[in-house]
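Before any comments, here is the structure.
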Amino acid sequence: MIDIGRILRDIRNCDDETLKNIYDYIEYQFIERNKKEQSFSSVEYVTDPPTNQCRFYRGRNTDENDILSWLNSGKNSYIIQGTGGIGKTELAKAIWEKVRKDGAKYGVSHLAWVPYQNSELKLSICRSFLKVKSIKNTDVAWADITEFFIKTQQGLLMFIDNIEKTEAQDPILRSLNQYPFRTIITTRQKLGIKAEETELKVLSDDECKSLFYEFYTLEKDDEKLSQILEKAGCLTVAIELLAKTAMVEEMSLRELNEALTDLEFDISEEAIVGEHDLLTKEDKIAEQLKKLFSISACNDQQIRLLVNISMFPAKEFSFEDAKRWFGEKRRTPLNELVDRGWLRSQKNSQGKLLYWMHPVLAGSIRLQTEPILYQSCRQLIYNFTEMLSQEERENPFERFSVISFAGTLETYQRKYFCDLDDLEFLKAMGDVYVEMAEYGRAIEVYQDACCIARDRIRDEEKETELNRLLGSAYKQCGNFEEAMVYYKKVMDGIENGSVHGADNVICAYRDMGHMYKSMGDYVQALSFYNTAEKRYFEEKEKDSDLSPKYLAVTYYGKGNLYRCAENYKLSKSFYEKAKDIYEDIVSDTNFEWMLIHDNIGVCYLEQGDCRKARAFHEEALKLQKHAYKETNQPFMGLTYMYRGDVYKKTGEYGLAYDDYKKAAEIIQNSVGDNHPYMIRVKNHTAKCLMEIGQYQEAEALEMEALPFECTQLGKLHPDTAELYNNLTELYCAAGDLEKAEFYHQKVKNIQILYLAVIRRL
């Protein structure tokens with residue numbers, strides 16, 4: 001037998017250069033082996049595969065055969081249930097390997113491995129599938145994945161690891177059997193879905209002894225080991241931890257057994273009660289495992305690292321992640337914790353070494369270290385805040401990969417949050433969720449941050465900022481009523497004197513202008529824009545350092561307002577005023593700077609100057625491509641739409657349609673089908689199709705847009721009027737005069753309402 005213990009001790013004595021050579025060699029061999037195995041596989045991976053199976057996996061032949069037989073039964077779902085630490089995931093990996101090597105035998109053409117995260121199955125699937133990883137919006141990604149489900153049918157076998165919520169708590173889990181693919185689920189509780197099911201039992205005594213001796217290579221003592229295994233309840237995760245602890249501390253089995261007895265360590269006698277027996281037992285196990293800290297004798301650095309890692313149970317991370325998150329400079333502390341049994345490590349399919357902590361061990365660590373849990377994670381929270389706050393052009397993907405870990409950290413730390421650093425962490429999370437168009441999640445963390453500002457640190461300025469962010473989030477998801485509630489909170493603060501700072505006051509009036517403009521109330525919008533402009537000049541006299549960007553944004557808002565009111569000459573003059581200010585104070589990557597170019601282009605088009613209009617849209621695209629590595633920014637979609645309008649105006653319908661199609665693709669991938677941007681693109685595309693006589697296709701697009709236009713913007717909104725006008729023209733051209741008159745009357749009703757409004761501007 002190979003002496004693993006001796007090899008580990010020899011490696012720990014190597015210098016860094018030798019260690020690096022060892023790692024490089026192992027990594028090379030692993031990658032070459034993986035390439036060879038993949039070449040013989042007839043199955044396509046649609047997610048990253050799981051980490052390799054533990055080489056000490058054993059004793060589950062009967063369970064494996066039962067699951068493999070089920071694969072050919074034609075049924076949809078199989079559940080592997082058991083206490084945390086009993087070996088559910090390793091059994092699932094064993095099935096993965098057998099199917100991977102002979103997919104045809106089981107009718108499997110595609111394999112997916114989905115780690116359950118952030119307590120939501122839909123999000124977990126969307127963050128795992130490779131084809132939609134770059135799509136920020138979960139609903140958009142889910143629509144693409146659903147099409148894939150229909151295409152692959154039972155050829156797709158999806159493994160979902162460690163589901164925590166029941167069927168009643170998760171709508172996707174509730175409807176899982178309605179999908180055509182097959183699913184193997186691991187879980188610690190009764191899920192409540194119709195499925196074949198097996199509850200894993202502990203390994204036999206002989207298998208447990210064999211497993212223990214794989215990690216423990218000092219003198220054997222079967223009698224004492226039997227007593228130790230009885231105390232450990234024959235639980236796999238406890239056996240591994242005890243064996244590694246004894247090995248590192250060079251304890252005999254007699255000494256280990258005596259130490260456990262002194263600690264009153266005994267998993268086997270724990271009572272199991274309650275509705276969810278396995279979860280109740282798991283809590284008891286965590287209570288017992290925390291006692292092993294006194295045997296393990298971890299130093300302060302190791303304890304700090306364990307506490308931080310316990311925030312991410314079952315989540316895999318690399319050494320590079322550990323450097324950025326925990327400030328680790330060398331692998332040694334991580335590898336020492338692997339040796340002690342508190343961490344696990346394994347190479348992934350690309351040969352990269354990943355670390356993770358078993359959820360049961362993570363729970364025991366959080367229990368043991370609860371008095372220091374919050375303080376031990378302060379630097380981690382600060383580091384995550386910095387990563388989440390990066391400008392998108394600096395690292396477009398890092399924030400979206402980090403947000404999953406940040407969500408888990410927030411879950412375990414939420415009850416402790418109390419200070420400004422916590423507030424900034426939550427705000428940074430909310431900002432990323434907004435970019436992902438996950439407005440519900442953004443609103444949740446913004447509200448938590450707002451509570452800290454109001455109730456804990458009593459910072460009125462931060463509370464004002466968060467109320468504004470909440471208003472914006474509600475506005476972007478189309479909930480104007482709730483958005484107005486938060487914007488009015490800011491206005492109330494101005495009136496009672498609790499909101500201070502010229503920037504806050506000016507922005508508050510500007511936000512109200514944006515809000516009323518979006519709701520179609522142009523008179524109210526103009527009133528607030530004028531007040532914002534007036535307050536800027538008043539405050540500028542008091543503070544000469546006040547940034548002119550506040551005036552520029554107000555001018556930009558007024559330009560939008562007059563464009564909506566079809567006063568393109570006045571609209572262009574305000575855009576140009578904003579542009580002149582921005583030219584001196586912002587870089588080419590500023591968001592408003594890019595949008596101004598687009599809007600000036602729209603004004604030129606409406607005034608009949610197609611050449612200048614196209615030039616401004618081309619410049620806007622150039623600026624956007626320079627600023628953002630990702631191309632699925634919703635406003636980039638609008639730029640393509642605007643350029644399509646220019647092509648349509650000049651009769652270049654093929655180019656126009658290509659731009660509209662590109663616009664729809666970008667907007668769908670970023671904010672989804674039901675966003676007002678997408679509705680506008682459908683309107684403009686339909687208009688183009690009408691002009692070339694494709695009435696049926698145009699009508700289909702308008703009918704898709706109509707219900708969302710009416711519910712999100714209202715039946716009397718000017719954009720809704722544009723849609724009604726398109727339908728009027730469409731039915732006139734198609735000869736359906738009855739329908740044409742129906743929609744023409746709707747247009748007239750809106751025109752009568754807004755004619756007086758526009759005259760007052």
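If you're wondering about the labels, chains in the structure tokens are A, B, ... by order shown, residues count from 1 in each chain, ligands from 1 in order shown.
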Name the residues in contact with region 287-297 of chain A at a cut-off of 9 Å, using only C-alpha atoms, excluding same-chain residues fewer than 3 positions from it; report them as a PyMOL selection string.
-> chain A and resi 238+241-242+245-246+248-249+256+259-260+263-267+282-284+340+360-361+363-369
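Note that CA of Glu697 (chain A) and CA of Tyr731 (chain A) are 12.6 Å apart.
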Helix (DSSP H, G or I) residues, from DSSP on the backbone, in region 296-512 of chain A, as an MDAnalysis selection string = chainID A and resid 296 300:309 319:326 332:340 359:368 370:376 378:388 398:416 420:435 439:456 460:476 480:495 502:512
What are the DSSP strand (DSSP E or B) residues of region 285-363 of chain A, as a list of chain:residue names?
->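 So, restricting region 285-363 of chain A to strand (DSSP E or B), we get A:Phe317, A:Ser318, A:Arg344, A:Ser345, A:Gln346, A:Lys347, A:Leu353, A:Leu354, A:Tyr355, A:Trp356.
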Just the selected residues (C-alpha atoms), exported as a PDB file, in the first residue's frame, please.
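Saved to part25.pdb:
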ATOM      1  CA  PHE A 317     -12.902  28.298  -5.066  1.00  0.00           C
ATOM      2  CA  SER A 318      -9.357  28.427  -6.387  1.00  0.00           C
ATOM      3  CA  ARG A 344     -11.334  19.222   0.621  1.00  0.00           C
ATOM      4  CA  SER A 345      -9.503  19.760  -2.639  1.00  0.00           C
ATOM      5  CA  GLN A 346      -9.786  18.284  -6.110  1.00  0.00           C
ATOM      6  CA  LYS A 347      -8.809  19.090  -9.674  1.00  0.00           C
ATOM      7  CA  LEU A 353      -7.062  22.728  -8.137  1.00  0.00           C
ATOM      8  CA  LEU A 354     -10.249  23.767  -6.334  1.00  0.00           C
ATOM      9  CA  TYR A 355     -11.002  23.834  -2.620  1.00  0.00           C
ATOM     10  CA  TRP A 356     -14.334  23.575  -0.819  1.00  0.00           C
TER      11      TRP A 356
END
Could you give me, as number ranges by chain, the residues within 10 Å of region 526-536 of chain A, counting only C-alpha atoms and dropping anything in the same chain fewer than 4 positions from it?
-> A: 502-503, 505-517, 521-522, 540-541, 546-548, 550-558, 561-562, 760-761
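Residues surrounding Lys201 (chain A) within 9 Å are Gly82, Thr83, Ile86 and Ser204 of chain A [only C-alpha atoms; sequence separation below 3 positions excluded].
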Any idea what's packed within 8 Å of Thr685 (chain A), counting only C-alpha atoms, ignoring anything in its chain fewer than 2 positions away? Could you give it as a PDB file with all heavy atoms, in the first residue's frame?
ATOM      1  N   TYR A 657     -33.380  46.389 -41.171  1.00  0.00           N
ATOM      2  CA  TYR A 657     -33.868  45.174 -40.500  1.00  0.00           C
ATOM      3  C   TYR A 657     -32.727  44.478 -39.741  1.00  0.00           C
ATOM      4  O   TYR A 657     -32.928  43.961 -38.636  1.00  0.00           O
ATOM      5  CB  TYR A 657     -34.475  44.221 -41.523  1.00  0.00           C
ATOM      6  CG  TYR A 657     -35.118  43.012 -40.887  1.00  0.00           C
ATOM      7  CD1 TYR A 657     -36.363  43.107 -40.271  1.00  0.00           C
ATOM      8  CD2 TYR A 657     -34.467  41.777 -40.881  1.00  0.00           C
ATOM      9  CE1 TYR A 657     -36.949  42.004 -39.662  1.00  0.00           C
ATOM     10  CE2 TYR A 657     -35.037  40.674 -40.277  1.00  0.00           C
ATOM     11  CZ  TYR A 657     -36.282  40.792 -39.667  1.00  0.00           C
ATOM     12  OH  TYR A 657     -36.850  39.703 -39.065  1.00  0.00           O
ATOM     13  N   TYR A 660     -32.248  46.333 -36.500  1.00  0.00           N
ATOM     14  CA  TYR A 660     -33.348  46.052 -35.564  1.00  0.00           C
ATOM     15  C   TYR A 660     -33.179  44.664 -34.941  1.00  0.00           C
ATOM     16  O   TYR A 660     -33.424  44.460 -33.743  1.00  0.00           O
ATOM     17  CB  TYR A 660     -34.706  46.129 -36.275  1.00  0.00           C
ATOM     18  CG  TYR A 660     -35.108  47.518 -36.719  1.00  0.00           C
ATOM     19  CD1 TYR A 660     -35.773  47.726 -37.923  1.00  0.00           C
ATOM     20  CD2 TYR A 660     -34.839  48.629 -35.920  1.00  0.00           C
ATOM     21  CE1 TYR A 660     -36.157  48.989 -38.331  1.00  0.00           C
ATOM     22  CE2 TYR A 660     -35.225  49.901 -36.319  1.00  0.00           C
ATOM     23  CZ  TYR A 660     -35.877  50.081 -37.528  1.00  0.00           C
ATOM     24  OH  TYR A 660     -36.263  51.339 -37.925  1.00  0.00           O
ATOM     25  N   VAL A 681     -38.293  48.426 -29.684  1.00  0.00           N
ATOM     26  CA  VAL A 681     -37.643  47.788 -30.832  1.00  0.00           C
ATOM     27  C   VAL A 681     -38.680  47.047 -31.684  1.00  0.00           C
ATOM     28  O   VAL A 681     -38.642  47.096 -32.920  1.00  0.00           O
ATOM     29  CB  VAL A 681     -36.531  46.824 -30.364  1.00  0.00           C
ATOM     30  CG1 VAL A 681     -36.017  45.989 -31.539  1.00  0.00           C
ATOM     31  CG2 VAL A 681     -35.382  47.603 -29.753  1.00  0.00           C
ATOM     32  N   LYS A 682     -39.618  46.365 -31.026  1.00  0.00           N
ATOM     33  CA  LYS A 682     -40.666  45.658 -31.773  1.00  0.00           C
ATOM     34  C   LYS A 682     -41.519  46.640 -32.567  1.00  0.00           C
ATOM     35  O   LYS A 682     -41.887  46.370 -33.726  1.00  0.00           O
ATOM     36  CB  LYS A 682     -41.535  44.849 -30.810  1.00  0.00           C
ATOM     37  CG  LYS A 682     -40.831  43.616 -30.255  1.00  0.00           C
ATOM     38  CD  LYS A 682     -41.714  42.846 -29.285  1.00  0.00           C
ATOM     39  CE  LYS A 682     -40.998  41.600 -28.768  1.00  0.00           C
ATOM     40  NZ  LYS A 682     -41.821  40.834 -27.816  1.00  0.00           N
ATOM     41  N   ASN A 683     -41.830  47.784 -31.967  1.00  0.00           N
ATOM     42  CA  ASN A 683     -42.592  48.813 -32.685  1.00  0.00           C
ATOM     43  C   ASN A 683     -41.864  49.280 -33.938  1.00  0.00           C
ATOM     44  O   ASN A 683     -42.445  49.398 -35.025  1.00  0.00           O
ATOM     45  CB  ASN A 683     -42.846  50.016 -31.777  1.00  0.00           C
ATOM     46  CG  ASN A 683     -43.990  49.781 -30.808  1.00  0.00           C
ATOM     47  OD1 ASN A 683     -44.792  48.881 -30.986  1.00  0.00           O
ATOM     48  ND2 ASN A 683     -44.064  50.604 -29.774  1.00  0.00           N
ATOM     49  N   LYS A 687     -42.795  48.717 -37.962  1.00  0.00           N
ATOM     50  CA  LYS A 687     -42.950  49.837 -38.904  1.00  0.00           C
ATOM     51  C   LYS A 687     -42.155  49.581 -40.187  1.00  0.00           C
ATOM     52  O   LYS A 687     -42.632  49.833 -41.302  1.00  0.00           O
ATOM     53  CB  LYS A 687     -42.456  51.123 -38.227  1.00  0.00           C
ATOM     54  CG  LYS A 687     -42.675  52.389 -39.029  1.00  0.00           C
ATOM     55  CD  LYS A 687     -44.098  52.866 -38.927  1.00  0.00           C
ATOM     56  CE  LYS A 687     -44.253  54.258 -39.526  1.00  0.00           C
ATOM     57  NZ  LYS A 687     -45.659  54.692 -39.517  1.00  0.00           N
ATOM     58  N   CYS A 688     -40.948  49.033 -40.003  1.00  0.00           N
ATOM     59  CA  CYS A 688     -40.097  48.708 -41.154  1.00  0.00           C
ATOM     60  C   CYS A 688     -40.748  47.625 -42.017  1.00  0.00           C
ATOM     61  O   CYS A 688     -40.792  47.730 -43.247  1.00  0.00           O
ATOM     62  CB  CYS A 688     -38.725  48.250 -40.663  1.00  0.00           C
ATOM     63  SG  CYS A 688     -37.577  47.751 -41.968  1.00  0.00           S
ATOM     64  N   LEU A 689     -41.286  46.588 -41.369  1.00  0.00           N
ATOM     65  CA  LEU A 689     -41.934  45.495 -42.102  1.00  0.00           C
ATOM     66  C   LEU A 689     -43.174  45.988 -42.848  1.00  0.00           C
ATOM     67  O   LEU A 689     -43.469  45.537 -43.968  1.00  0.00           O
ATOM     68  CB  LEU A 689     -42.308  44.376 -41.131  1.00  0.00           C
ATOM     69  CG  LEU A 689     -41.131  43.600 -40.516  1.00  0.00           C
ATOM     70  CD1 LEU A 689     -41.607  42.695 -39.392  1.00  0.00           C
ATOM     71  CD2 LEU A 689     -40.406  42.786 -41.587  1.00  0.00           C
ATOM     72  N   ALA A 698     -45.564  42.175 -39.327  1.00  0.00           N
ATOM     73  CA  ALA A 698     -45.647  43.421 -38.568  1.00  0.00           C
ATOM     74  C   ALA A 698     -46.741  43.331 -37.508  1.00  0.00           C
ATOM     75  O   ALA A 698     -46.547  43.736 -36.349  1.00  0.00           O
ATOM     76  CB  ALA A 698     -45.917  44.596 -39.509  1.00  0.00           C
ATOM     77  N   LEU A 701     -45.685  41.285 -34.446  1.00  0.00           N
ATOM     78  CA  LEU A 701     -44.804  42.020 -33.530  1.00  0.00           C
ATOM     79  C   LEU A 701     -45.578  43.032 -32.693  1.00  0.00           C
ATOM     80  O   LEU A 701     -45.349  43.172 -31.488  1.00  0.00           O
ATOM     81  CB  LEU A 701     -43.701  42.727 -34.315  1.00  0.00           C
ATOM     82  CG  LEU A 701     -42.517  41.878 -34.773  1.00  0.00           C
ATOM     83  CD1 LEU A 701     -41.572  42.712 -35.631  1.00  0.00           C
ATOM     84  CD2 LEU A 701     -41.758  41.319 -33.573  1.00  0.00           C
TER      85      LEU A 701
END
So that I can check the surroundings of Val132 (chain A), please list as an mmCIF file with N, CA, C and O atoms, in the first residue's frame every protein, DNA and RNA residue that reaches within 10 Å of it, counting only C-alpha atoms and ignoring chain neighbours fewer than 6 positions away.
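So the final result, stored in part_6.cif, reads:
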data_model
loop_
_atom_site.group_PDB
_atom_site.id
_atom_site.type_symbol
_atom_site.label_atom_id
_atom_site.label_comp_id
_atom_site.auth_asym_id
_atom_site.auth_seq_id
_atom_site.Cartn_x
_atom_site.Cartn_y
_atom_site.Cartn_z
ATOM 1 N N ILE A 125 -29.471 26.986 -12.118
ATOM 2 C CA ILE A 125 -29.358 26.406 -13.458
ATOM 3 C C ILE A 125 -28.784 27.425 -14.438
ATOM 4 O O ILE A 125 -27.888 27.118 -15.230
ATOM 5 N N CYS A 126 -29.274 28.661 -14.370
ATOM 6 C CA CYS A 126 -28.811 29.701 -15.301
ATOM 7 C C CYS A 126 -27.337 30.030 -15.100
ATOM 8 O O CYS A 126 -26.626 30.337 -16.062
ATOM 9 N N THR A 138 -31.713 36.702 -15.565
ATOM 10 C CA THR A 138 -32.057 35.301 -15.325
ATOM 11 C C THR A 138 -33.233 34.850 -16.181
ATOM 12 O O THR A 138 -33.233 33.730 -16.719
ATOM 13 N N VAL A 140 -34.179 35.931 -19.101
ATOM 14 C CA VAL A 140 -33.741 35.781 -20.493
ATOM 15 C C VAL A 140 -32.957 34.483 -20.659
ATOM 16 O O VAL A 140 -33.173 33.703 -21.591
ATOM 17 N N ALA A 141 -32.036 34.250 -19.723
ATOM 18 C CA ALA A 141 -31.242 33.019 -19.770
ATOM 19 C C ALA A 141 -32.144 31.797 -19.665
ATOM 20 O O ALA A 141 -31.958 30.801 -20.373
ATOM 21 N N TRP A 142 -33.143 31.879 -18.799
ATOM 22 C CA TRP A 142 -34.048 30.744 -18.598
ATOM 23 C C TRP A 142 -34.839 30.441 -19.866
ATOM 24 O O TRP A 142 -35.091 29.263 -20.185
ATOM 25 N N ALA A 143 -35.234 31.468 -20.593
ATOM 26 C CA ALA A 143 -35.969 31.247 -21.847
ATOM 27 C C ALA A 143 -35.112 30.462 -22.839
ATOM 28 O O ALA A 143 -35.593 29.534 -23.507
ATOM 29 N N ASP A 144 -33.807 30.808 -22.932
ATOM 30 C CA ASP A 144 -32.897 30.082 -23.821
ATOM 31 C C ASP A 144 -32.728 28.634 -23.370
ATOM 32 O O ASP A 144 -32.719 27.704 -24.189
ATOM 33 N N ILE A 145 -32.582 28.448 -22.055
ATOM 34 C CA ILE A 145 -32.379 27.095 -21.526
ATOM 35 C C ILE A 145 -33.628 26.238 -21.746
ATOM 36 O O ILE A 145 -33.535 25.054 -22.072
ATOM 37 N N ASN A 669 -31.031 39.813 -24.384
ATOM 38 C CA ASN A 669 -29.989 39.194 -23.569
ATOM 39 C C ASN A 669 -29.663 39.986 -22.313
ATOM 40 O O ASN A 669 -29.055 39.449 -21.384
#
Quick one: residues within 10 Å of Asn137 (chain A), only C-alpha atoms counted, chain neighbours fewer than 3 positions away excluded, as JSON, numbers by chain?
-> {"A": [123, 126, 132, 133, 134, 140, 141, 142, 433, 434, 435, 436, 437, 438, 439, 668, 669, 670, 671, 672]}
May I ask which of the residues A:Ile303, A:Leu218, A:Cys298, A:Cys377 is the closest one to Phe326 (chain A), counting only C-alpha atoms?
->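 Among the listed residues, A:Cys377 lies closest to Phe326 (chain A).
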